[in-house]
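Asker: Just one file: target-v3.pdb, with PDB, C-alpha atoms (C1' of nucleotides).
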ATOM      1  CA  MET A   1     113.516  58.833 138.309
ATOM      2  CA  THR A   2     110.739  60.992 139.596
ATOM      3  CA  MET A   3     108.431  61.626 136.652
ATOM      4  CA  THR A   4     107.304  65.055 137.856
ATOM      5  CA  ASN A   5     104.605  66.042 135.452
ATOM      6  CA  ASP A   6     105.206  69.767 135.347
ATOM      7  CA  LEU A   7     104.292  70.865 131.855
ATOM      8  CA  MET A   8     104.325  74.496 130.832
ATOM      9  CA  THR A   9     102.553  76.347 128.037
ATOM     10  CA  ILE A  10     104.454  78.491 125.624
ATOM     11  CA  ARG A  11     103.430  81.632 127.441
ATOM     12  CA  GLN A  12     104.549  80.339 130.795
ATOM     13  CA  MET A  13     107.880  79.508 129.238
ATOM     14  CA  CYS A  14     108.161  82.956 127.713
ATOM     15  CA  ASP A  15     107.436  84.609 131.034
ATOM     16  CA  ALA A  16     109.812  82.324 132.888
ATOM     17  CA  PHE A  17     112.729  82.755 130.515
ATOM     18  CA  ASP A  18     112.054  86.152 128.994
ATOM     19  CA  VAL A  19     111.902  84.999 125.399
ATOM     20  CA  THR A  20     109.233  85.314 122.706
ATOM     21  CA  PRO A  21     107.013  82.516 121.412
ATOM     22  CA  ARG A  22     108.754  82.888 118.083
ATOM     23  CA  THR A  23     112.040  82.078 119.745
ATOM     24  CA  LEU A  24     110.745  78.869 121.287
ATOM     25  CA  ARG A  25     109.188  77.738 118.014
ATOM     26  CA  PHE A  26     112.401  78.617 116.251
ATOM     27  CA  TYR A  27     114.437  76.541 118.674
ATOM     28  CA  GLU A  28     112.083  73.640 118.134
ATOM     29  CA  ALA A  29     112.406  73.989 114.365
ATOM     30  CA  LYS A  30     116.169  73.936 114.827
ATOM     31  CA  GLU A  31     115.830  70.805 116.951
ATOM     32  CA  LEU A  32     117.072  72.348 120.129
ATOM     33  CA  LEU A  33     113.810  71.763 121.980
ATOM     34  CA  PHE A  34     111.252  68.968 121.728
ATOM     35  CA  PRO A  35     108.062  70.009 123.481
ATOM     36  CA  GLN A  36     105.211  67.536 123.763
ATOM     37  CA  ARG A  37     101.876  68.215 122.162
ATOM     38  CA  ASP A  38      98.403  68.511 123.580
ATOM     39  CA  GLY A  39      96.554  68.272 120.305
ATOM     40  CA  THR A  40      98.046  71.202 118.478
ATOM     41  CA  ARG A  41      99.547  73.001 121.453
ATOM     42  CA  ARG A  42     103.053  72.765 122.753
ATOM     43  CA  LEU A  43     103.728  71.646 126.269
ATOM     44  CA  PHE A  44     107.253  72.136 127.514
ATOM     45  CA  THR A  45     108.729  69.599 129.858
ATOM     46  CA  ARG A  46     111.306  69.805 132.584
ATOM     47  CA  SER A  47     113.816  68.599 130.041
ATOM     48  CA  ASP A  48     112.936  71.422 127.677
ATOM     49  CA  ARG A  49     113.501  73.888 130.476
ATOM     50  CA  ALA A  50     116.873  72.425 131.312
ATOM     51  CA  ARG A  51     117.837  72.544 127.660
ATOM     52  CA  LEU A  52     116.611  76.108 127.288
ATOM     53  CA  LYS A  53     118.682  77.182 130.277
ATOM     54  CA  LEU A  54     121.743  75.714 128.614
ATOM     55  CA  ILE A  55     120.856  77.292 125.297
ATOM     56  CA  LEU A  56     120.613  80.725 126.862
ATOM     57  CA  ARG A  57     123.809  80.189 128.786
ATOM     58  CA  GLY A  58     125.540  79.029 125.642
ATOM     59  CA  LYS A  59     124.416  82.184 123.895
ATOM     60  CA  ARG A  60     125.900  84.289 126.667
ATOM     61  CA  PHE A  61     129.143  82.467 126.013
ATOM     62  CA  GLY A  62     128.839  83.382 122.366
ATOM     63  CA  PHE A  63     128.174  79.901 121.026
ATOM     64  CA  SER A  64     126.024  79.781 117.929
ATOM     65  CA  LEU A  65     122.770  77.853 118.080
ATOM     66  CA  GLU A  66     124.311  75.286 115.803
ATOM     67  CA  ASP A  67     127.219  74.791 118.208
ATOM     68  CA  ILE A  68     124.776  74.393 121.044
ATOM     69  CA  ARG A  69     122.666  71.925 119.138
ATOM     70  CA  GLN A  70     125.672  69.767 118.433
ATOM     71  CA  ILE A  71     126.747  69.748 122.049
ATOM     72  CA  LEU A  72     123.242  68.901 123.212
ATOM     73  CA  ASP A  73     123.018  66.159 120.610
ATOM     74  CA  LEU A  74     126.183  64.525 121.828
ATOM     75  CA  TYR A  75     124.727  64.079 125.256
ATOM     76  CA  ASP A  76     121.333  63.033 124.002
ATOM     77  CA  ARG A  77     122.896  60.170 122.157
ATOM     78  CA  ASP A  78     125.184  58.959 124.873
ATOM     79  CA  GLY A  79     125.749  60.792 128.098
ATOM     80  CA  SER A  80     128.495  58.469 129.154
ATOM     81  CA  ASN A  81     130.684  58.536 126.086
ATOM     82  CA  HIS A  82     134.010  59.861 127.116
ATOM     83  CA  ALA A  83     135.170  60.865 123.661
ATOM     84  CA  GLN A  84     132.116  63.014 123.263
ATOM     85  CA  THR A  85     132.664  64.610 126.627
ATOM     86  CA  LEU A  86     136.118  65.543 125.461
ATOM     87  CA  ARG A  87     134.659  66.941 122.278
ATOM     88  CA  THR A  88     132.476  69.238 124.320
ATOM     89  CA  TYR A  89     135.405  70.417 126.366
ATOM     90  CA  ASP A  90     137.247  70.997 123.172
ATOM     91  CA  LEU A  91     134.504  73.171 121.788
ATOM     92  CA  ALA A  92     134.405  75.100 125.034
ATOM     93  CA  ARG A  93     138.139  75.630 125.056
ATOM     94  CA  GLN A  94     138.115  76.735 121.437
ATOM     95  CA  ARG A  95     135.379  79.186 122.179
ATOM     96  CA  LEU A  96     137.249  80.455 125.220
ATOM     97  CA  ALA A  97     140.314  81.076 123.080
ATOM     98  CA  GLN A  98     138.170  83.002 120.601
ATOM     99  CA  MET A  99     136.717  85.092 123.371
ATOM    100  CA  GLU A 100     140.108  85.928 124.786
ATOM    101  CA  ALA A 101     141.395  86.899 121.363
ATOM    102  CA  GLN A 102     138.338  89.054 120.870
ATOM    103  CA  ARG A 103     138.904  90.702 124.206
ATOM    104  CA  ALA A 104     142.498  91.441 123.284
ATOM    105  CA  GLU A 105     141.401  93.118 120.057
ATOM    106  CA  LEU A 106     138.784  95.061 121.916
ATOM    107  CA  ASP A 107     141.322  96.195 124.473
ATOM    108  CA  GLU A 108     143.593  97.381 121.734
ATOM    109  CA  ALA A 109     140.828  99.277 119.993
ATOM    110  CA  ILE A 110     139.738 100.860 123.257
ATOM    111  CA  THR A 111     143.250 101.965 124.063
ATOM    112  CA  GLU A 112     143.715 103.365 120.580
ATOM    113  CA  LEU A 113     140.411 105.195 120.581
ATOM    114  CA  LYS A 114     141.067 106.623 124.042
ATOM    115  CA  ALA A 115     144.432 107.872 122.835
ATOM    116  CA  GLU A 116     142.771 109.661 119.924
ATOM    117  CA  LEU A 117     140.246 111.268 122.188
ATOM    118  CA  ASP A 118     142.923 112.330 124.643
ATOM    119  CA  ALA A 119     145.210 113.653 121.959
ATOM    120  CA  GLY A 120     142.219 115.522 120.655
ATOM    121  CA  GLU A 121     144.018 116.331 117.462
ATOM    122  CA  ALA A 122     145.080 113.233 115.615
ATOM    123  CA  MET A 123     141.614 112.207 114.550
ATOM    124  CA  ILE A 124     140.719 115.687 113.401
ATOM    125  CA  ALA A 125     143.985 116.048 111.578
ATOM    126  CA  GLY A 126     143.432 112.746 109.871
ATOM    127  CA  LEU A 127     139.992 113.742 108.821
ATOM    128  CA  ARG A 128     141.172 117.068 107.426
ATOM    129  CA  ARG A 129     143.730 115.275 105.351
ATOM    130  CA  ALA A 130     141.069 112.919 104.095
ATOM    131  CA  ALA A 131     138.899 115.836 103.069
ATOM    132  CA  GLU A 132     141.914 117.263 101.200
TER     133      GLU A 132
ATOM    134  CA  MET B   1     155.733 120.641  95.583
ATOM    135  CA  THR B   2     156.200 117.161  94.285
ATOM    136  CA  MET B   3     153.310 116.420  92.026
ATOM    137  CA  THR B   4     153.652 112.724  92.721
ATOM    138  CA  ASN B   5     151.789 110.442  90.429
ATOM    139  CA  ASP B   6     149.355 109.660  93.166
ATOM    140  CA  LEU B   7     146.642 107.959  91.161
ATOM    141  CA  MET B   8     146.188 104.273  91.761
ATOM    142  CA  THR B   9     144.224 101.596  89.959
ATOM    143  CA  ILE B  10     141.801  99.433  91.789
ATOM    144  CA  ARG B  11     144.281  96.579  91.911
ATOM    145  CA  GLN B  12     147.019  98.716  93.333
ATOM    146  CA  MET B  13     144.615  99.844  96.001
ATOM    147  CA  CYS B  14     143.626  96.290  96.798
ATOM    148  CA  ASP B  15     147.225  95.224  97.155
ATOM    149  CA  ALA B  16     148.109  98.236  99.237
ATOM    150  CA  PHE B  17     145.201  97.950 101.639
ATOM    151  CA  ASP B  18     144.425  94.270 101.513
ATOM    152  CA  VAL B  19     140.837  94.619 100.391
ATOM    153  CA  THR B  20     138.946  93.261  97.398
ATOM    154  CA  PRO B  21     137.787  95.248  94.365
ATOM    155  CA  ARG B  22     134.246  94.534  95.437
ATOM    156  CA  THR B  23     134.926  96.289  98.715
ATOM    157  CA  LEU B  24     136.213  99.437  97.036
ATOM    158  CA  ARG B  25     133.262  99.562  94.652
ATOM    159  CA  PHE B  26     130.965  98.963  97.558
ATOM    160  CA  TYR B  27     132.476 101.864  99.486
ATOM    161  CA  GLU B  28     132.070 104.071  96.451
ATOM    162  CA  ALA B  29     128.442 103.049  96.094
ATOM    163  CA  LYS B  30     127.955 103.923  99.754
ATOM    164  CA  GLU B  31     129.592 107.291  99.112
ATOM    165  CA  LEU B  32     132.599 106.675 101.288
ATOM    166  CA  LEU B  33     135.054 107.002  98.420
ATOM    167  CA  PHE B  34     135.002 109.130  95.265
ATOM    168  CA  PRO B  35     137.599 107.856  92.816
ATOM    169  CA  GLN B  36     138.176 109.733  89.562
ATOM    170  CA  ARG B  37     137.549 108.123  86.222
ATOM    171  CA  ASP B  38     139.776 107.471  83.291
ATOM    172  CA  GLY B  39     137.067 106.691  80.822
ATOM    173  CA  THR B  40     135.394 103.802  82.541
ATOM    174  CA  ARG B  41     138.143 102.958  84.972
ATOM    175  CA  ARG B  42     138.495 104.094  88.524
ATOM    176  CA  LEU B  43     141.556 106.000  89.630
ATOM    177  CA  PHE B  44     141.979 106.467  93.331
ATOM    178  CA  THR B  45     143.513 109.672  94.611
ATOM    179  CA  ARG B  46     145.543 110.515  97.661
ATOM    180  CA  SER B  47     142.327 111.675  99.238
ATOM    181  CA  ASP B  48     140.721 108.309  98.611
ATOM    182  CA  ARG B  49     143.617 106.615 100.296
ATOM    183  CA  ALA B  50     143.391 108.861 103.317
ATOM    184  CA  ARG B  51     139.674 108.189 103.537
ATOM    185  CA  LEU B  52     140.164 104.462 103.162
ATOM    186  CA  LYS B  53     142.681 104.451 105.971
ATOM    187  CA  LEU B  54     140.156 106.131 108.196
ATOM    188  CA  ILE B  55     137.422 103.764 107.088
ATOM    189  CA  LEU B  56     139.511 100.748 107.989
ATOM    190  CA  ARG B  57     140.532 102.293 111.260
ATOM    191  CA  GLY B  58     136.912 103.105 112.022
ATOM    192  CA  LYS B  59     136.007  99.500 111.357
ATOM    193  CA  ARG B  60     138.647  98.342 113.800
ATOM    194  CA  PHE B  61     136.959 100.589 116.332
ATOM    195  CA  GLY B  62     133.689  98.884 115.548
ATOM    196  CA  PHE B  63     132.010 101.813 113.836
ATOM    197  CA  SER B  64     129.524 100.875 111.142
ATOM    198  CA  LEU B  65     130.132 102.114 107.613
ATOM    199  CA  GLU B  66     127.158 104.394 108.039
ATOM    200  CA  ASP B  67     128.713 105.940 111.153
ATOM    201  CA  ILE B  68     131.941 106.428 109.278
ATOM    202  CA  ARG B  69     130.203 107.970 106.286
ATOM    203  CA  GLN B  70     128.478 110.487 108.515
ATOM    204  CA  ILE B  71     131.681 111.471 110.237
ATOM    205  CA  LEU B  72     133.494 111.832 106.923
ATOM    206  CA  ASP B  73     130.622 113.872 105.519
ATOM    207  CA  LEU B  74     130.762 116.315 108.382
ATOM    208  CA  TYR B  75     134.339 117.184 107.593
ATOM    209  CA  ASP B  76     133.793 117.259 103.874
ATOM    210  CA  ARG B  77     131.162 119.868 104.281
ATOM    211  CA  ASP B  78     132.993 122.094 106.704
ATOM    212  CA  GLY B  79     136.188 121.086 108.406
ATOM    213  CA  SER B  80     136.148 124.105 110.665
ATOM    214  CA  ASN B  81     132.704 123.811 112.137
ATOM    215  CA  HIS B  82     133.134 123.408 115.810
ATOM    216  CA  ALA B  83     129.699 121.944 116.459
ATOM    217  CA  GLN B  84     130.421 119.179 114.000
ATOM    218  CA  THR B  85     133.766 118.490 115.584
ATOM    219  CA  LEU B  86     131.967 118.049 118.856
ATOM    220  CA  ARG B  87     129.476 115.732 117.200
ATOM    221  CA  THR B  88     132.319 113.534 116.051
ATOM    222  CA  TYR B  89     133.798 113.427 119.528
ATOM    223  CA  ASP B  90     130.397 112.545 120.815
ATOM    224  CA  LEU B  91     130.101 109.609 118.449
ATOM    225  CA  ALA B  92     133.545 108.453 119.438
ATOM    226  CA  ARG B  93     132.766 108.677 123.121
ATOM    227  CA  GLN B  94     129.492 106.827 122.665
ATOM    228  CA  ARG B  95     131.273 104.120 120.775
ATOM    229  CA  LEU B  96     133.948 103.933 123.455
ATOM    230  CA  ALA B  97     131.282 103.451 126.106
ATOM    231  CA  GLN B  98     129.741 100.642 124.045
ATOM    232  CA  MET B  99     133.104  98.970 123.665
ATOM    233  CA  GLU B 100     133.808  99.123 127.369
ATOM    234  CA  ALA B 101     130.396  97.674 128.156
ATOM    235  CA  GLN B 102     131.020  94.933 125.631
ATOM    236  CA  ARG B 103     134.372  94.183 127.186
ATOM    237  CA  ALA B 104     132.775  93.931 130.600
ATOM    238  CA  GLU B 105     130.259  91.399 129.308
ATOM    239  CA  LEU B 106     132.980  89.468 127.587
ATOM    240  CA  ASP B 107     135.057  89.407 130.758
ATOM    241  CA  GLU B 108     132.101  88.060 132.664
ATOM    242  CA  ALA B 109     131.450  85.330 130.112
ATOM    243  CA  ILE B 110     135.111  84.364 130.053
ATOM    244  CA  THR B 111     135.258  84.121 133.813
ATOM    245  CA  GLU B 112     132.095  82.046 133.871
ATOM    246  CA  LEU B 113     133.245  79.721 131.135
ATOM    247  CA  LYS B 114     136.638  79.269 132.744
ATOM    248  CA  ALA B 115     134.942  78.371 135.993
ATOM    249  CA  GLU B 116     132.928  75.682 134.225
ATOM    250  CA  LEU B 117     135.982  74.249 132.609
ATOM    251  CA  ASP B 118     137.903  74.300 135.883
ATOM    252  CA  ALA B 119     135.059  72.754 137.803
ATOM    253  CA  GLY B 120     135.014  70.101 135.134
ATOM    254  CA  GLU B 121     131.709  68.799 136.326
ATOM    255  CA  ALA B 122     129.106  71.519 136.375
ATOM    256  CA  MET B 123     128.706  71.699 132.615
ATOM    257  CA  ILE B 124     128.510  67.968 132.198
ATOM    258  CA  ALA B 125     126.052  67.696 135.046
ATOM    259  CA  GLY B 126     123.938  70.393 133.490
ATOM    260  CA  LEU B 127     123.982  68.664 130.156
ATOM    261  CA  ARG B 128     123.035  65.343 131.682
ATOM    262  CA  ARG B 129     120.090  66.972 133.354
ATOM    263  CA  ALA B 130     119.069  68.522 130.063
ATOM    264  CA  ALA B 131     119.210  65.151 128.353
ATOM    265  CA  GLU B 132     117.085  63.719 131.182
TER     266      GLU B 132
ATOM    267  C1'  DC C   1      76.156  81.538 119.902
ATOM    268  C1'  DG C   2      79.416  85.243 119.847
ATOM    269  C1'  DT C   3      83.435  87.276 121.581
ATOM    270  C1'  DT C   4      87.787  87.212 123.734
ATOM    271  C1'  DA C   5      92.150  85.222 124.384
ATOM    272  C1'  DC C   6      95.726  82.320 123.019
ATOM    273  C1'  DA C   7      97.453  79.108 120.076
ATOM    274  C1'  DT C   8      99.068  77.313 115.487
ATOM    275  C1'  DT C   9     101.355  77.099 110.644
ATOM    276  C1'  DT C  10     103.269  79.353 106.679
ATOM    277  C1'  DA C  11     106.159  82.271 104.790
ATOM    278  C1'  DC C  12     108.272  86.594 103.578
ATOM    279  C1'  DG C  13     111.165  90.490 105.844
ATOM    280  C1'  DT C  14     115.273  92.288 108.374
ATOM    281  C1'  DT C  15     120.480  93.731 108.769
ATOM    282  C1'  DA C  16     125.561  94.474 107.314
ATOM    283  C1'  DA C  17     129.040  94.060 104.406
ATOM    284  C1'  DC C  18     130.328  92.304 101.123
ATOM    285  C1'  DG C  19     130.706  87.421  97.776
ATOM    286  C1'  DT C  20     129.860  85.581  93.479
ATOM    287  C1'  DC C  21     128.539  85.135  89.119
ATOM    288  C1'  DA C  22     127.456  86.853  84.191
ATOM    289  C1'  DA C  23     128.187  89.516  80.272
ATOM    290  C1'  DG C  24     130.763  92.756  78.084
ATOM    291  C1'  DC C  25     134.185  96.720  77.099
ATOM    292  C1'  DA C  26     139.200  98.326  76.609
ATOM    293  C1'  DC C  27     143.953  97.656  75.627
ATOM    294  C1'  DT C  28     147.954  95.227  74.554
ATOM    295  C1'  DC C  29     150.616  91.726  72.515
ATOM    296  C1'  DT C  30     151.436  88.683  68.827
TER     297       DT C  30
ATOM    298  C1'  DA D   1     142.393  89.221  63.822
ATOM    299  C1'  DG D   2     142.517  86.563  67.919
ATOM    300  C1'  DA D   3     144.019  85.914  72.612
ATOM    301  C1'  DG D   4     144.803  87.350  77.130
ATOM    302  C1'  DT D   5     144.313  90.417  80.929
ATOM    303  C1'  DG D   6     142.031  93.639  83.679
ATOM    304  C1'  DC D   7     138.307  96.506  84.406
ATOM    305  C1'  DT D   8     133.347  97.596  84.243
ATOM    306  C1'  DT D   9     128.265  97.291  85.597
ATOM    307  C1'  DG D  10     124.400  94.808  87.119
ATOM    308  C1'  DA D  11     122.068  91.865  90.116
ATOM    309  C1'  DC D  12     121.109  87.954  92.950
ATOM    310  C1'  DG D  13     123.204  85.224  97.020
ATOM    311  C1'  DT D  14     124.955  84.740 101.820
ATOM    312  C1'  DT D  15     124.562  84.469 107.145
ATOM    313  C1'  DA D  16     122.151  84.339 111.984
ATOM    314  C1'  DA D  17     118.477  84.603 114.746
ATOM    315  C1'  DC D  18     114.721  85.729 114.950
ATOM    316  C1'  DG D  19     110.480  89.698 113.677
ATOM    317  C1'  DT D  20     106.182  90.245 111.708
ATOM    318  C1'  DA D  21     101.984  89.526 109.376
ATOM    319  C1'  DA D  22      98.198  86.698 107.558
ATOM    320  C1'  DA D  23      94.982  83.182 107.910
ATOM    321  C1'  DT D  24      93.185  79.871 110.836
ATOM    322  C1'  DG D  25      91.971  77.028 114.977
ATOM    323  C1'  DT D  26      89.986  76.045 119.429
ATOM    324  C1'  DA D  27      88.711  76.681 124.114
ATOM    325  C1'  DA D  28      86.536  78.838 127.732
ATOM    326  C1'  DC D  29      83.499  82.543 129.188
ATOM    327  C1'  DG D  30      79.094  84.819 129.478
TER     328       DG D  30
END
Let me see the file written as structure tokens.
Answerer:
Amino acid sequence: MTMTNDLMTIRQMCDAFDVTPRTLRFYEAKELLFPQRDGTRRLFTRSDRARLKLILRGKRFGFSLEDIRQILDLYDRDGSNHAQTLRTYDLARQRLAQMEAQRAELDEAITELKAELDAGEAMIAGLRRAAE
Amino acid sequence: MTMTNDLMTIRQMCDAFDVTPRTLRFYEAKELLFPQRDGTRRLFTRSDRARLKLILRGKRFGFSLEDIRQILDLYDRDGSNHAQTLRTYDLARQRLAQMEAQRAELDEAITELKAELDAGEAMIAGLRRAAE
DNA sequence: CGTTACATTTACGTTAACGTCAAGCACTCT
DNA sequence: AGAGTGCTTGACGTTAACGTAAATGTAACG
């Protein structure tokens, strides 16, 4: 357990991760990050950086912050609990299913919209009818 | 010509299109629909139904109500104006580009998430690191 | 000591598309 | 007349993930 003492200020974090100070404070308020304090100032640890990486990755996957917080909490409490590991997988699989459903809908909409554009008439005709 | 009794109450509309009364009133407030009145009550015309169809279709395409209102307005004003027709196509093409970009991102996220699940270790390892 | 440069907390603002009351009219049936 | 049903108009509430502004602090520089 190398206790590397690499603490970063809020600005260094912002530059490193391309987020705003508001975002980091918001994540702390939501209990996703737990920076240390130097008097009044925040100092972000290696752990905070690891968590932030996962937060940002989770967002790319489309997880809500609340989802992410729950997942992080599970492992904070007990990193070796198998049931909780399964719970995380479950969340991930659920989310994956959502994403694939979303992609299917998107594909359908794209196909439909392309067809309208190619037909070049249907949409216009529809609109004329709508205008009476 | 069959002068079909084509006026519908708000409830008939809701049943026919699977929307709530609130939604129809909201669309009227946003000037997307213009139902007639029988005293105080709304009566939706054939035109309203055609417009509503297009609104719902537009939503499936991911257009905002404001986008849809603008498109509908163009054709209300002058259905034969070629410049406005082109403007509509332009909006549609822009939206199509957005949707394809969105699909690309989604594909990437799905691939990434699947990889994590398949690896079965990376995510857990990452979370352990985050928990310190 | 004054200014500059960051930092902090507090708290209201933003956006879309409705949801959810509350209070009351209009009509019909009994 | 009273009850029931359906419709109406307000008008505030909801959700996520921050943005933005105000008032204040504090630390180093010159």
Asker: Listing only residues of chain C within 12 Å of chain A, what is the closest atom pair and its distance in Å (to one decimal) for each, using all atoms listed in the file, sorted by chain and residue number ascending, as a tab-separated table?
Answerer:
residue	atom	partner	partner_atom	distance
C:DC6	C1'	A:Arg11	CA	8.9
C:DA7	C1'	A:Arg41	CA	6.6
C:DT8	C1'	A:Thr40	CA	6.9
C:DT9	C1'	A:Thr40	CA	10.3
Asker: Keeping only C-alpha atoms (C1' of nucleotides), write those residues as a PDB file, in the coordinates of the input.
Answerer:
ATOM      1  C1'  DC C   6      95.726  82.320 123.019  1.00  0.00           C
ATOM      2  C1'  DA C   7      97.453  79.108 120.076  1.00  0.00           C
ATOM      3  C1'  DT C   8      99.068  77.313 115.487  1.00  0.00           C
ATOM      4  C1'  DT C   9     101.355  77.099 110.644  1.00  0.00           C
TER       5       DT C   9
END
Asker: Which is closest to chain A among D:DA3, D:DA27, D:DA22, D:DC12, if we use all atoms listed in the file?
Answerer: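 Smallest distance to chain A is found for D:DA27.
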Asker: Residues of chain D within 12 Å of chain B, counting all atoms listed in the file, what are they? List them as JSON, numbers by chain.
Answerer: {"D": [6, 7, 8, 9]}
Asker: Using all atoms listed in the file, which residues sit within 10 Å of DC18 of chain C once same-chain residues fewer than 3 positions away are excluded, as a PyMOL selection string?
Answerer: (chain B and resi 20+22-23+26-27) or (chain D and resi 14)
Asker: Let's have the selection written as a short mmCIF file (atom, residue, chain, number, x, y, z; two decimals), keeping the file's coordinate frame, with C-alpha atoms (C1' of nucleotides).
Answerer:
data_model
loop_
_atom_site.label_atom_id
_atom_site.label_comp_id
_atom_site.auth_asym_id
_atom_site.auth_seq_id
_atom_site.Cartn_x
_atom_site.Cartn_y
_atom_site.Cartn_z
CA THR B 20 138.95 93.26 97.40
CA ARG B 22 134.25 94.53 95.44
CA THR B 23 134.93 96.29 98.72
CA PHE B 26 130.96 98.96 97.56
CA TYR B 27 132.48 101.86 99.49
"C1'" DT D 14 124.96 84.74 101.82
#
Asker: Pick from B:Leu32, B:Ala115, B:Ala50, B:Leu91: nearest to chain A, with all atoms listed in the file counted?
Answerer: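 The closest residue to chain A is B:Ala50.
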Asker: Can you tell me, as a PyMOL selection string, what residues are no more than 10 Å from segment 1-4 of chain C when counting all atoms listed in the file, ignoring any on the same chain fewer than 4 positions away?
Answerer: chain D and resi 28-30
Asker: Could you please give me, as a ChimeraX atom specification, the residues of protein, DNA or RNA lying at most 8 Å from (144.9, 100.2, 102.7) in the coordinate frame of the file, considering all atoms listed in the file?
Answerer: /B:13-19,49,52-53,56
Asker: Distance atom CA of Arg51 of chain A-atom CA of Gln102 of chain A, one decimal place?
Answerer: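 Answer for the atom CA of Arg51 of chain A to atom CA of Gln102 of chain A separation: 27.2 Å.
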Asker: When you draw a straight line from atom CA of Lys114 of chain B to atom CA of Ala101 of chain A, how long is it in Å?
Answerer: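 Computing it gives 14.5 Å between the two atoms.
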Asker: Would you please work out which residue, of B:Asp6, B:Asp76, B:Glu28, B:Glu66, is nearest to chain A when using only C-alpha atoms?
Answerer: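 Using only C-alpha atoms, chain A sits closest to B:Asp76.
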Asker: Using only C-alpha atoms, can you tell me which of A:Arg57, A:Glu116, A:Ser47, A:Gln12 comes closest to chain B?
Answerer: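 Looking at the shortest contact to chain B, the residue is A:Ser47.
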Asker: Written as a list in words, what is the full residue list that the PyMOL selection byres ((chain D and resi 11) around 12) yields on the file shown?
Answerer: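 For this structure, the PyMOL selection byres ((chain D and resi 11) around 12) captures DT20, DC21, DA22 and DA23 of chain C; DT9, DG10, DC12 and DG13 of chain D.
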Asker: Please, what distance in Å, to one decimal, runs between atom CA of Asp107 of chain B and atom CA of Gln70 of chain A?
Answerer: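 Result for atom CA of Asp107 of chain B versus atom CA of Gln70 of chain A: 25.0 Å, one decimal.
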Asker: Once the PyMOL selection byres ((chain A and resi 99) around 10) has been applied to the shown file, what residues remain in the selection, as a list of chain:residue names?
Answerer: A:Phe61, A:Gly62, A:Arg93, A:Gln94, A:Arg95, A:Leu96, A:Ala97, A:Gln98, A:Glu100, A:Ala101, A:Gln102, A:Arg103, A:Ala104, A:Glu105, B:Leu106, B:Asp107, B:Ala109, B:Ile110
Asker: Which residue out of A:Met8, A:Leu117, A:Glu112, A:Gly39 has the minimum interatomic distance to Arg60 of chain B when only C-alpha atoms are used?
Answerer: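 Selected residue with least distance to Arg60 of chain B: A:Glu112.
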Asker: Specify the axis-aligned box that encloses all atoms of segment 22-29 of chain C listed in the file after padding of 3 Å on each side, stating its centre and edge lengths in Å to one decimal as AutoDock Vina command-line options.
Answerer:
--center_x 139.0 --center_y 92.6 --center_z 78.4 --size_x 29.2 --size_y 17.5 --size_z 17.7
Asker: Which residues, written as a list in words, have at least one atom at most 12 Å from DT10 of chain C, with only C-alpha atoms (C1' of nucleotides) counted and residues fewer than 5 positions away on the same chain left out?
Answerer: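 The residues satisfying every condition are DA21, DA22, DA23 and DT24 of chain D.
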Asker: Keeping only C-alpha atoms (C1' of nucleotides), take the residues you just selected and write them out as a PDB file, in the coordinates of the input.
Answerer:
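Output below, filename again-v4.pdb:
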ATOM      1  C1'  DA D  21     101.984  89.526 109.376  1.00  0.00           C
ATOM      2  C1'  DA D  22      98.198  86.698 107.558  1.00  0.00           C
ATOM      3  C1'  DA D  23      94.982  83.182 107.910  1.00  0.00           C
ATOM      4  C1'  DT D  24      93.185  79.871 110.836  1.00  0.00           C
TER       5       DT D  24
END
Asker: For the provided coordinates, the residues matched by the PyMOL selection byres ((chain C and resi 28) around 12) should be stated as number ranges by chain.
Answerer: C: 26-27, 29-30; D: 3-6
